[in-house]
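Step one of this worksheet: look at the structure below.
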Amino acid sequence: MLFRVSIVISLLSLSLTSFSQKEKKKVRLSTGIEMSYIEVGEPGKDALILLHGFTDTGRSFYPAIDSLLRITSDLHIIVPDLRGHGDSSMPDIQQCATAPEKCFSFIEFANDVIALM
C-alpha cells in the first residue's frame, strides 16, 4: 500500500511540475478586476474554463489540465484565479465598505468570467 501511495504522490508531483511552468497572464476586466489566469491549448479550439471553489485558486487544476491535454489536444483551456483569490485583485475597497454582499456574490464572480470570455 505504501508503494502505491508514493507512486500517486510522485505522479502528482510530476504533473504539478510540468504544468506549473506555465506563466500566468493578467487582464484588466470591464468589471474593474485585474484577473490572473493560465491559458493553454490553441484559441479556436473547444474552450474549457475551469473555475475553482471559494478560497482556492486555479492551481488546484494543474494536474487535471495535464491529464486533459494528454487525452486530447483539441482543447483551449482557461483557468482563472477568481476575484480576491490567488493573483487576481480584490474588488474596489469602497464598494465593499458600503455593500460587502456585492463584493463576492455569485453574480459578481459570473460577471468577471463573462468579461474574461
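Going by the C-alpha cells order, chains are called A, B, ..., each with residues numbered from 1, while ligands are numbered from 1 in the order shown.
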
Going by DSSP on the backbone, which bits of chain A are alpha helix (DSSP H)? Write them as an MDAnalysis selection string, please. chainID A and resid 2:19 62:71 93:98 100:103 106:116

DSSP strand (DSSP E) residues within chain A, as a ChimeraX atom specification: /A:25-28,34-41,46-49,75-81

Would you kindly return, as a list in words, each protein, DNA or RNA residue with an atom no farther than 8 Å from any atom of Gly86 of chain A, considering only C-alpha atoms and excluding same-chain residues fewer than 5 positions away?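 Listing them by chain and then by number gives Ser36, Asp56, Thr57, Gly58 and Asp81 of chain A.
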
Please provide the set of residues having any atom within 12 Å of segment 47-52 of chain A, restricted to only C-alpha atoms, with same-chain residues fewer than 4 positions apart removed, written as a short mmCIF file (atom, residue, chain, number, x, y, z; two decimals) with all heavy atoms, in the first residue's frame.
data_model
loop_
_atom_site.label_atom_id
_atom_site.label_comp_id
_atom_site.auth_asym_id
_atom_site.auth_seq_id
_atom_site.Cartn_x
_atom_site.Cartn_y
_atom_site.Cartn_z
N TYR A 37 -4.78 34.54 -14.92
CA TYR A 37 -5.28 33.28 -15.48
C TYR A 37 -4.17 32.57 -16.23
O TYR A 37 -3.16 33.16 -16.60
CB TYR A 37 -6.47 33.53 -16.42
CG TYR A 37 -6.13 34.31 -17.66
CD1 TYR A 37 -5.91 33.66 -18.87
CD2 TYR A 37 -6.00 35.69 -17.63
CE1 TYR A 37 -5.57 34.37 -20.02
CE2 TYR A 37 -5.68 36.41 -18.77
CZ TYR A 37 -5.46 35.75 -19.95
OH TYR A 37 -5.13 36.46 -21.08
N ILE A 38 -4.39 31.30 -16.45
CA ILE A 38 -3.50 30.50 -17.27
C ILE A 38 -4.31 30.03 -18.46
O ILE A 38 -5.48 29.67 -18.34
CB ILE A 38 -2.95 29.30 -16.48
CG1 ILE A 38 -2.01 29.79 -15.39
CG2 ILE A 38 -2.22 28.32 -17.40
CD1 ILE A 38 -1.52 28.73 -14.48
N GLU A 39 -3.67 30.06 -19.62
CA GLU A 39 -4.33 29.65 -20.85
C GLU A 39 -3.43 28.67 -21.58
O GLU A 39 -2.25 28.96 -21.81
CB GLU A 39 -4.56 30.91 -21.69
CG GLU A 39 -5.29 30.70 -22.97
CD GLU A 39 -5.57 32.03 -23.66
OE1 GLU A 39 -4.89 33.04 -23.39
OE2 GLU A 39 -6.47 32.04 -24.49
N VAL A 40 -3.96 27.51 -21.89
CA VAL A 40 -3.20 26.52 -22.64
C VAL A 40 -4.06 25.99 -23.79
O VAL A 40 -5.29 26.08 -23.75
CB VAL A 40 -2.73 25.33 -21.76
CG1 VAL A 40 -1.73 25.80 -20.73
CG2 VAL A 40 -3.90 24.64 -21.10
N GLY A 41 -3.41 25.45 -24.79
CA GLY A 41 -4.13 24.99 -25.96
C GLY A 41 -4.24 26.11 -26.96
O GLY A 41 -3.76 27.22 -26.75
N GLU A 42 -4.89 25.82 -28.06
CA GLU A 42 -4.98 26.79 -29.15
C GLU A 42 -6.32 27.51 -29.14
O GLU A 42 -7.37 26.87 -29.10
CB GLU A 42 -4.80 26.08 -30.48
CG GLU A 42 -3.42 25.50 -30.68
CD GLU A 42 -3.29 24.82 -32.03
OE1 GLU A 42 -3.78 25.38 -33.03
OE2 GLU A 42 -2.72 23.73 -32.06
N PRO A 43 -6.29 28.84 -29.21
CA PRO A 43 -7.54 29.58 -29.38
C PRO A 43 -8.23 29.07 -30.65
O PRO A 43 -7.58 28.72 -31.63
CB PRO A 43 -7.10 31.03 -29.54
CG PRO A 43 -5.78 31.07 -28.83
CD PRO A 43 -5.14 29.73 -29.09
N ASP A 56 -9.96 28.97 -2.94
CA ASP A 56 -8.97 28.18 -3.67
C ASP A 56 -8.36 29.05 -4.77
O ASP A 56 -8.62 30.25 -4.84
CB ASP A 56 -9.68 26.95 -4.27
CG ASP A 56 -8.72 25.81 -4.58
OD1 ASP A 56 -7.50 25.99 -4.47
OD2 ASP A 56 -9.22 24.74 -4.95
N THR A 57 -7.56 28.47 -5.64
CA THR A 57 -7.02 29.16 -6.81
C THR A 57 -7.04 28.20 -7.99
O THR A 57 -7.32 27.01 -7.84
CB THR A 57 -5.56 29.62 -6.60
OG1 THR A 57 -4.71 28.47 -6.53
CG2 THR A 57 -5.42 30.47 -5.34
N GLY A 58 -6.71 28.72 -9.15
CA GLY A 58 -6.65 27.88 -10.34
C GLY A 58 -5.60 26.79 -10.25
O GLY A 58 -5.64 25.81 -10.98
N ARG A 59 -4.66 26.95 -9.34
CA ARG A 59 -3.59 25.96 -9.17
C ARG A 59 -4.14 24.56 -8.89
O ARG A 59 -3.53 23.56 -9.24
CB ARG A 59 -2.66 26.39 -8.04
CG ARG A 59 -1.46 25.49 -7.89
CD ARG A 59 -0.56 25.88 -6.76
NE ARG A 59 -0.53 27.33 -6.58
CZ ARG A 59 0.06 27.93 -5.58
NH1 ARG A 59 0.65 27.24 -4.65
NH2 ARG A 59 0.04 29.24 -5.47
N SER A 60 -5.30 24.48 -8.30
CA SER A 60 -5.86 23.16 -7.97
C SER A 60 -6.15 22.34 -9.23
O SER A 60 -6.31 21.12 -9.14
CB SER A 60 -7.14 23.32 -7.14
OG SER A 60 -8.11 24.04 -7.86
N PHE A 61 -6.20 22.98 -10.39
CA PHE A 61 -6.50 22.27 -11.63
C PHE A 61 -5.25 21.82 -12.41
O PHE A 61 -5.37 21.18 -13.44
CB PHE A 61 -7.36 23.14 -12.56
CG PHE A 61 -8.76 23.29 -12.08
CD1 PHE A 61 -9.19 24.49 -11.56
CD2 PHE A 61 -9.66 22.23 -12.13
CE1 PHE A 61 -10.50 24.65 -11.11
CE2 PHE A 61 -10.96 22.37 -11.68
CZ PHE A 61 -11.38 23.59 -11.17
N TYR A 62 -4.05 22.16 -11.94
CA TYR A 62 -2.84 21.82 -12.69
C TYR A 62 -2.77 20.34 -13.06
O TYR A 62 -2.52 20.02 -14.22
CB TYR A 62 -1.59 22.24 -11.94
CG TYR A 62 -1.34 23.74 -11.89
CD1 TYR A 62 -2.24 24.66 -12.43
CD2 TYR A 62 -0.21 24.24 -11.30
CE1 TYR A 62 -2.01 26.02 -12.37
CE2 TYR A 62 0.04 25.61 -11.24
CZ TYR A 62 -0.86 26.48 -11.78
OH TYR A 62 -0.62 27.83 -11.72
N ALA A 64 -5.17 18.18 -13.40
CA ALA A 64 -6.26 17.86 -14.32
C ALA A 64 -5.95 18.40 -15.71
O ALA A 64 -6.26 17.74 -16.72
CB ALA A 64 -7.57 18.45 -13.81
N ILE A 65 -5.34 19.56 -15.80
CA ILE A 65 -5.03 20.14 -17.10
C ILE A 65 -4.05 19.26 -17.86
O ILE A 65 -4.23 18.97 -19.04
CB ILE A 65 -4.48 21.57 -16.94
CG1 ILE A 65 -5.59 22.48 -16.44
CG2 ILE A 65 -3.90 22.09 -18.24
CD1 ILE A 65 -5.10 23.81 -15.95
N LEU A 68 -5.94 16.25 -19.08
CA LEU A 68 -6.83 16.58 -20.20
C LEU A 68 -6.05 16.76 -21.50
O LEU A 68 -6.47 16.29 -22.55
CB LEU A 68 -7.62 17.85 -19.89
CG LEU A 68 -8.74 17.72 -18.88
CD1 LEU A 68 -9.22 19.10 -18.45
CD2 LEU A 68 -9.89 16.91 -19.47
N LEU A 69 -4.90 17.40 -21.42
CA LEU A 69 -4.11 17.63 -22.62
C LEU A 69 -3.49 16.34 -23.15
O LEU A 69 -3.24 16.22 -24.34
CB LEU A 69 -3.03 18.68 -22.36
CG LEU A 69 -3.56 20.09 -22.14
CD1 LEU A 69 -2.44 21.05 -21.77
CD2 LEU A 69 -4.31 20.60 -23.37
N SER A 73 -5.74 17.04 -27.58
CA SER A 73 -5.10 18.34 -27.78
C SER A 73 -6.08 19.34 -28.40
O SER A 73 -5.71 20.44 -28.75
CB SER A 73 -3.87 18.18 -28.68
OG SER A 73 -4.28 17.68 -29.94
N ASP A 74 -7.33 18.93 -28.52
CA ASP A 74 -8.35 19.78 -29.15
C ASP A 74 -9.08 20.67 -28.15
O ASP A 74 -10.28 20.89 -28.28
CB ASP A 74 -9.37 18.92 -29.90
CG ASP A 74 -8.78 18.32 -31.16
OD1 ASP A 74 -7.75 18.83 -31.64
OD2 ASP A 74 -9.33 17.33 -31.66
N LEU A 75 -8.37 21.15 -27.14
CA LEU A 75 -8.99 22.00 -26.13
C LEU A 75 -8.24 23.32 -26.01
O LEU A 75 -7.03 23.39 -26.19
CB LEU A 75 -8.99 21.31 -24.76
CG LEU A 75 -9.91 20.13 -24.57
CD1 LEU A 75 -9.67 19.50 -23.20
CD2 LEU A 75 -11.36 20.54 -24.71
N HIS A 76 -8.97 24.33 -25.68
CA HIS A 76 -8.43 25.63 -25.31
C HIS A 76 -8.84 25.83 -23.85
O HIS A 76 -9.99 26.14 -23.57
CB HIS A 76 -9.02 26.70 -26.22
CG HIS A 76 -8.56 28.08 -25.91
ND1 HIS A 76 -9.29 29.18 -26.26
CD2 HIS A 76 -7.45 28.55 -25.30
CE1 HIS A 76 -8.66 30.27 -25.87
NE2 HIS A 76 -7.54 29.91 -25.28
N ILE A 77 -7.92 25.60 -22.93
CA ILE A 77 -8.23 25.59 -21.50
C ILE A 77 -7.84 26.93 -20.87
O ILE A 77 -6.72 27.40 -21.06
CB ILE A 77 -7.50 24.44 -20.78
CG1 ILE A 77 -7.90 23.10 -21.42
CG2 ILE A 77 -7.82 24.44 -19.29
CD1 ILE A 77 -7.10 21.91 -20.92
N ILE A 78 -8.77 27.50 -20.12
CA ILE A 78 -8.55 28.76 -19.42
C ILE A 78 -8.86 28.53 -17.95
O ILE A 78 -9.94 28.03 -17.60
CB ILE A 78 -9.43 29.88 -20.00
CG1 ILE A 78 -9.14 30.05 -21.49
CG2 ILE A 78 -9.24 31.18 -19.22
CD1 ILE A 78 -10.15 30.89 -22.22
N VAL A 79 -7.90 28.88 -17.10
CA VAL A 79 -8.06 28.66 -15.66
C VAL A 79 -7.77 29.97 -14.93
O VAL A 79 -6.61 30.34 -14.72
CB VAL A 79 -7.10 27.55 -15.15
CG1 VAL A 79 -7.35 27.27 -13.68
CG2 VAL A 79 -7.24 26.30 -15.99
N PRO A 80 -8.83 30.71 -14.55
CA PRO A 80 -8.62 31.98 -13.85
C PRO A 80 -8.51 31.79 -12.34
O PRO A 80 -8.97 30.80 -11.77
CB PRO A 80 -9.89 32.76 -14.17
CG PRO A 80 -10.94 31.70 -14.33
CD PRO A 80 -10.24 30.50 -14.91
N ASP A 81 -7.85 32.76 -11.71
CA ASP A 81 -7.97 32.95 -10.27
C ASP A 81 -9.12 33.94 -10.11
O ASP A 81 -9.03 35.06 -10.62
CB ASP A 81 -6.69 33.56 -9.67
CG ASP A 81 -5.53 32.58 -9.61
OD1 ASP A 81 -5.76 31.36 -9.71
OD2 ASP A 81 -4.38 33.05 -9.46
N LEU A 82 -10.17 33.54 -9.45
CA LEU A 82 -11.33 34.42 -9.32
C LEU A 82 -11.01 35.64 -8.45
O LEU A 82 -10.02 35.64 -7.72
CB LEU A 82 -12.51 33.63 -8.75
CG LEU A 82 -12.99 32.47 -9.62
CD1 LEU A 82 -14.09 31.68 -8.92
CD2 LEU A 82 -13.47 32.96 -10.98
N ARG A 83 -11.86 36.65 -8.51
CA ARG A 83 -11.63 37.90 -7.78
C ARG A 83 -11.28 37.64 -6.31
O ARG A 83 -11.90 36.83 -5.64
CB ARG A 83 -12.83 38.83 -7.88
CG ARG A 83 -14.09 38.27 -7.27
CD ARG A 83 -15.27 39.24 -7.20
NE ARG A 83 -15.47 40.00 -8.39
CZ ARG A 83 -15.90 41.26 -8.40
NH1 ARG A 83 -16.21 41.86 -7.28
NH2 ARG A 83 -16.05 41.91 -9.54
N HIS A 85 -8.82 36.07 -5.13
CA HIS A 85 -8.15 34.78 -4.93
C HIS A 85 -6.85 34.76 -5.73
O HIS A 85 -6.75 35.37 -6.80
CB HIS A 85 -9.04 33.63 -5.40
CG HIS A 85 -10.29 33.46 -4.62
ND1 HIS A 85 -11.38 34.29 -4.79
CD2 HIS A 85 -10.63 32.57 -3.68
CE1 HIS A 85 -12.34 33.90 -3.96
NE2 HIS A 85 -11.91 32.86 -3.28
N GLY A 86 -5.88 34.04 -5.22
CA GLY A 86 -4.62 33.88 -5.95
C GLY A 86 -4.00 35.22 -6.31
O GLY A 86 -3.87 36.11 -5.47
N PHE A 109 -18.90 37.09 -9.44
CA PHE A 109 -17.98 36.07 -9.98
C PHE A 109 -18.35 35.78 -11.44
O PHE A 109 -17.48 35.70 -12.31
CB PHE A 109 -18.01 34.79 -9.16
CG PHE A 109 -17.29 34.88 -7.84
CD1 PHE A 109 -17.96 34.61 -6.66
CD2 PHE A 109 -15.94 35.20 -7.77
CE1 PHE A 109 -17.31 34.67 -5.44
CE2 PHE A 109 -15.27 35.26 -6.56
CZ PHE A 109 -15.96 35.00 -5.38
N ALA A 110 -19.64 35.60 -11.69
CA ALA A 110 -20.10 35.28 -13.05
C ALA A 110 -19.81 36.44 -14.01
O ALA A 110 -19.36 36.21 -15.14
CB ALA A 110 -21.59 34.96 -13.04
N ASP A 112 -17.39 38.54 -13.82
CA ASP A 112 -15.94 38.52 -14.11
C ASP A 112 -15.61 37.46 -15.17
O ASP A 112 -14.85 37.72 -16.09
CB ASP A 112 -15.14 38.21 -12.83
CG ASP A 112 -15.16 39.33 -11.82
OD1 ASP A 112 -15.49 40.50 -12.19
OD2 ASP A 112 -14.83 39.07 -10.65
N VAL A 113 -16.18 36.28 -15.04
CA VAL A 113 -15.90 35.20 -16.00
C VAL A 113 -16.44 35.57 -17.38
O VAL A 113 -15.76 35.36 -18.40
CB VAL A 113 -16.47 33.86 -15.51
CG1 VAL A 113 -16.33 32.79 -16.58
CG2 VAL A 113 -15.79 33.42 -14.22
N ILE A 114 -17.61 36.18 -17.43
CA ILE A 114 -18.17 36.62 -18.71
C ILE A 114 -17.26 37.68 -19.33
O ILE A 114 -16.97 37.64 -20.53
CB ILE A 114 -19.61 37.15 -18.52
CG1 ILE A 114 -20.53 35.97 -18.20
CG2 ILE A 114 -20.08 37.90 -19.76
CD1 ILE A 114 -21.90 36.39 -17.70
N LEU A 116 -14.08 37.98 -18.85
CA LEU A 116 -12.87 37.29 -19.28
C LEU A 116 -13.07 36.62 -20.63
O LEU A 116 -12.20 36.65 -21.50
CB LEU A 116 -12.45 36.25 -18.24
CG LEU A 116 -11.22 35.40 -18.60
CD1 LEU A 116 -9.97 36.26 -18.70
CD2 LEU A 116 -11.03 34.29 -17.56
N MET A 117 -14.25 36.02 -20.82
CA MET A 117 -14.52 35.34 -22.10
C MET A 117 -14.53 36.34 -23.24
O MET A 117 -14.10 36.08 -24.32
CB MET A 117 -15.85 34.59 -22.04
CG MET A 117 -15.82 33.41 -21.11
SD MET A 117 -17.29 32.35 -21.17
CE MET A 117 -18.58 33.39 -20.58
#
